[in-house]
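Peer 1: Pasting a structure below so you can have a look.
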Amino acid sequence: MSEAAIIPQHETEAWKLPSRGVVGMACLILAEAAIFIIFVVAYLFYLGKSLSGPTPRDVLELPVFTSICLLSSSLTLHLAVASLHKGATRLCSLWLAITVLLGGIFLVGTGMEWYHLIYVDGLTIRTNLFGTTFYSLVGLHGFHVIVGLFLLSLALLFSLRGQLNNSHTEKLEVLSLYWHFVDAVWIVVLLVVYVFGR
Amino acid sequence: MMATQTPVHAVLDQTSTTPPRRLVLEVLHDWIATVDHKKIGLMYIGYALIFLVVAGLEAILIRIQLAVPNNHFVSPQTFNRLFTMHGTTMVFFVGMPILFGFGNYLIPLMIGARDMAFPRLNAFSFWISAFGGTLLYFSYLGGDGLYGAGSAPDVGWWAYAPLTAHAFSPGHSTDYWTLAVLLSGIGTIGTALNIVATILCMRCPGMKLGRMPLFAWLYLVMSMLVFVTVSPLTAAQIMLMLDRYLGSHFFDTQAGGSAVLWMHFFWIFGHPEVYVLILPAFAYANEIIPVFSRKAIFGYPAMVAASVGIGFISLSVWAHHMFTVGMGAGANAFFTLATMVIGVPTGIKIFNWLATIWGGKVHFTVAMMFAVGFLFQFLIAGLTGIMLSAAPLDWQLGNSYFVVAHFHFVLVGAILFMLFSAFYYWFPKMTGRMLSERIGKWHFWIFLIGFHLTFDLMHIPGLLGMPRRIYTYEADRGWAMWNMLISSGGFIQAIGTLLFVYNMIWSYFKGAVAGADPWDAWTLEWSTTSPPPDYNFAKIPTVESRRPLWDLKHPEDPDSNYE
């Protein structure tokens with residue numbers, strides 16, 4: 001037995017492996033996507049099968065403004081990552097703050113929509129199958145927005161305290177993958193619930 | 001043979017070989033706060049073994065109840081709880097943790113890494129799964145709420161709607177079941193994520209994907225499968241909790257909800273779950289059979305392709321559990337065909353294992369004996385699976401003891417046999433001591449006889465029409481003799497299992513010292529000491545073929561010349 005056999009002999013090419021943060025986040029996204037698919041399937045399966053009103057056509061309105069806010073927050077987060085990569089930490093803080101603000105607007109918009117649905121239209125999770133599937137699907141997405149906002153706020157806090165520099169680019173990028181996923185899910189939810197589902 | 005040589009790395013290892021004695025509390029703190037993949041792996045295995053004994057005892061109680069007709073050994077309510085707890089425990093708190101335990105322990109060692117990709121996530125996943133199991137069994141105390149007498153869940157491990165509705169499951173027993181499964185699901189996804197990230201991102205230099213041990217490949221496929229199967233179950237559990245706590249109507253038929261939807265969601269998880277459990281058993285066979293046949297694995301690329309193929313096909317077979325629901329001819333035909341197709345990659349695997357043994361210099365150690373048992377029994381399990389995949393035959397045999405016999409052939413005859421094999425093979429690496437081969441041979445033969453007595457014969461009352469999950473039966477059905485034999489086989493298996501536990505305890509203290517490489521094996525875990533140091537490898541190895549230790553031992557004829 002000699003040491004030599006386990007030491008590279010003719011194989012000297014660089015050994016490069018994917019980043020574990022990106023791979024881990026990709027796996028999480030895959031698992032989360034499967035959860036969302038089940039909720040979307042349930043929504044579509046029960047579409048039009050409610051035994052009583054109100055129906056989606058009666059009460060739902062396309063949330064144009066909040067959707068624009070949420071989807072553009074993906075862009076601002078991307079700009080935050082890009083500026084951190086270039087070392088522009090102040091700019092990064094600014095873009096992060098805008099992202100958190102846009103995400104916050106989306107949440108407030110959802111809250112106002114739900115308030116209206118519950119207290120004006122009388123639709124709760126117990127009312128009918130539409131209520132059951134609507135609140136659980138949109139609520140599951142909203143829960144992911146809350147988690148994302150919490151993490152983004154932490155990043156913003158760190159950057160405001162000057163603790164974020166371009167060595168953290170990859171970490172912020174992994175977080176941005178999650179946020180892009182949450183936005184992509186919203187496109188699906190928007191199409192299923194507010195466009196085709198009406 | 002270069003069995004017990006100290007690896008060259010030991011020369012570089014400057015740490016003391018005799019750690020100072022420590023207080024019990026310090027040791028305990030070490031285990032609870034650890035993020036080391038080997039310790040977490042051992043905790044997974046220990047935790048699974050405890051639940052294996054508990055769920056095994058539940059099986060024994062079920063078999064005592066069914067041994068003779070018109071028996072009232074336990075009450076009908078207790079009987080329902082027993083089969084629910086037996087099934088749930090075996091799948092979620094024995095099968096999954098023990099497979100993750102071996103994976104956790106071995107994957108970083110096999111790919112030449114010092115730990116998993118996310119050590120803290122690893123610890124979190126273990127503890128949340130452990131909490132899930134504890135919660136499930138706490139239902140025996142708190143299932144009716146803390147003031148009343150406790151009761152465990154009694155809805156079966158499928159928990160079909162509307163049994164889980166408030167009207168039919170008052171109290172909290174079903175909530176304990178839901179939460180326990182939900183928590184174990186979170187832990188499962190965490191560990192699967194960790195395994196994928198470890199395999200893709202932590203391999204030592206030279207360990208290309210095509211050079212990885214098949215063990216790592218199988219765990220990679222299994223983990224990918226976990227994401228797309230355990231998540232739907234998590235989603236369905238969330239829906240069930242919303243139904244039970246917030247009054248939503250997912251599975252509430254009176255408000256237009258669908259009980260069949262739950263069946264679909266459950267089996268979208270439930271069937272691939274079987275593959276999640278068996279792929280690691282394939283992983284052990286892929287390592288153990290070549291070493292004891294003294295040949296490299298036959299058809300490495302075909303094995304990888306077959307594993308990935310099984311992963312994909314297994315996603316399209318779930319509704320063969322639902323032929324009796326009445327899905328219509330189109331769906332029945334599709335799921336029949338899809339189920340039969342999965343026999344193709346599985347057959348490729350069996351032939352490759354046989355071809356590996358063929359012409360080899362076979363060493364019949366206990367590990368190899370269990371592996372051979374696995375091959376035979378897995379084949380039979382596959383054949384009855386093909387029988388059940390045909391919708392018309394399934395209409396006759398669905399929900400009968402024939403089905404119970406079939407899937408226990410998979411779970412016990414294949415998975416448990418391969419797990420025993422893995423214990424005999426890797427116990428020396430984990431503890432530094434060999435398991436006794438003499439006790440092991442007794443364990444093998446006794447368990448084999450008990451297994452075949454129970455599960456071969458269990459097909460017959462199924463064919464005679466005995467439904468599963470019945471509390472008792474009349475004497476004139478003609479099932480009595482079979483059930484008596486099946487139950488006595490259960491006791492023989494219990495004796496075999498006790499021998500195994502005794503063997504582990506005895507060998508841990510008195511077994512022969514193993515040395516680094518007792519089997520003259522070829523994968524990287526055997527290149528470090530037994531048990532490995534905290535850092536696994538003093539120096540990260542570099543590999544040039546699928547069998548790095550072969551290259552090391554045979555520099556005149558390395559594998560890298562042929563791959």
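Going through the structure tokens in order, the chains are called A, B, and so on, while each chain numbers its residues from 1 and the ligands are numbered from 1 in the order shown.
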Using the chain letters and numbers from this document, which residues of segment 218-447 of chain B does DSSP assign to alpha helix (DSSP H), as number ranges by chain?
Peer 2: B: 218-246, 259-293, 300-313, 329-341, 343-357, 366-389, 391-397, 401-408, 417-431, 437-447
Peer 1: Based on only C-alpha atoms, which of the residues in chain A come within 9 Å of chain B? I want them as a PyMOL selection string.
Peer 2: chain A and resi 1-8+11+14-28+30-39+42+45-46+49-52+124-129+131-133+136
Peer 1: Excluding Tyr43 of chain A and its own-chain neighbours fewer than 5 positions away, which residues fall within 8 Å of it when counting only C-alpha atoms? Please give them as a short mmCIF file (atom, residue, chain, number, x, y, z; two decimals) with C-alpha atoms, in the first residue's frame.
Peer 2:
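The result, written out as selection_39.cif:
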data_model
loop_
_atom_site.label_atom_id
_atom_site.label_comp_id
_atom_site.auth_asym_id
_atom_site.auth_seq_id
_atom_site.Cartn_x
_atom_site.Cartn_y
_atom_site.Cartn_z
CA PHE A 130 -64.41 27.60 -3.35
CA THR A 133 -59.54 25.85 -1.86
CA PHE A 134 -59.16 29.61 -2.44
CA LEU A 137 -53.99 28.04 -2.00
#
Peer 1: Can you pull out every residue within 9 Å of Asn80 of chain B, counting only C-alpha atoms, but drop anything in the same chain fewer than 5 positions away, and send it as a list in words?
Peer 2: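 The filter keeps Ser75, Met85, Pro153, Asp154, Val155, Gly156, Arg469, Ile470 and Tyr471 of chain B.
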Peer 1: Can I get the selected residues back with N, CA and C atoms, as a short mmCIF file (atom, residue, chain, number, x, y, z; two decimals), in the first residue's frame?
Peer 2:
data_model
loop_
_atom_site.label_atom_id
_atom_site.label_comp_id
_atom_site.auth_asym_id
_atom_site.auth_seq_id
_atom_site.Cartn_x
_atom_site.Cartn_y
_atom_site.Cartn_z
N SER B 75 -59.38 -5.98 22.38
CA SER B 75 -60.70 -5.50 21.97
C SER B 75 -60.64 -5.04 20.51
N MET B 85 -51.03 1.78 14.19
CA MET B 85 -49.73 2.16 14.74
C MET B 85 -48.62 1.31 14.12
N PRO B 153 -54.29 6.66 17.36
CA PRO B 153 -55.03 6.72 16.11
C PRO B 153 -55.52 5.34 15.68
N ASP B 154 -56.69 5.28 15.07
CA ASP B 154 -57.24 3.98 14.66
C ASP B 154 -57.82 4.05 13.25
N VAL B 155 -57.24 4.92 12.41
CA VAL B 155 -57.82 5.14 11.09
C VAL B 155 -57.09 4.37 10.00
N GLY B 156 -56.16 3.49 10.37
CA GLY B 156 -55.36 2.79 9.37
C GLY B 156 -54.25 3.71 8.89
N ARG B 469 -57.24 -6.41 7.86
CA ARG B 469 -57.76 -5.52 8.91
C ARG B 469 -59.03 -6.04 9.57
N ILE B 470 -59.38 -7.34 9.40
CA ILE B 470 -60.55 -7.80 10.15
C ILE B 470 -60.10 -8.18 11.56
N TYR B 471 -61.03 -7.98 12.49
CA TYR B 471 -60.70 -8.18 13.90
C TYR B 471 -60.62 -9.66 14.23
#
Peer 1: Please list as a PyMOL selection string every residue within 9 Å of Val189 of chain A, counting only C-alpha atoms and excluding residues in the same chain fewer than 6 positions away.
Peer 2: chain A and resi 40+137-138+141
Peer 1: Please produce an output containing C-alpha atoms for each residue in the selection, written as a CSV table (one decimal), in the first residue's frame.
Peer 2:
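out_26.csv, written as the output of this step:
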chain,number,residue,atom,x,y,z
A,40,VAL,CA,-53.5,23.8,-7.5
A,137,LEU,CA,-54.0,28.0,-2.0
A,138,VAL,CA,-53.7,31.8,-1.8
A,141,HIS,CA,-48.6,31.3,-1.2
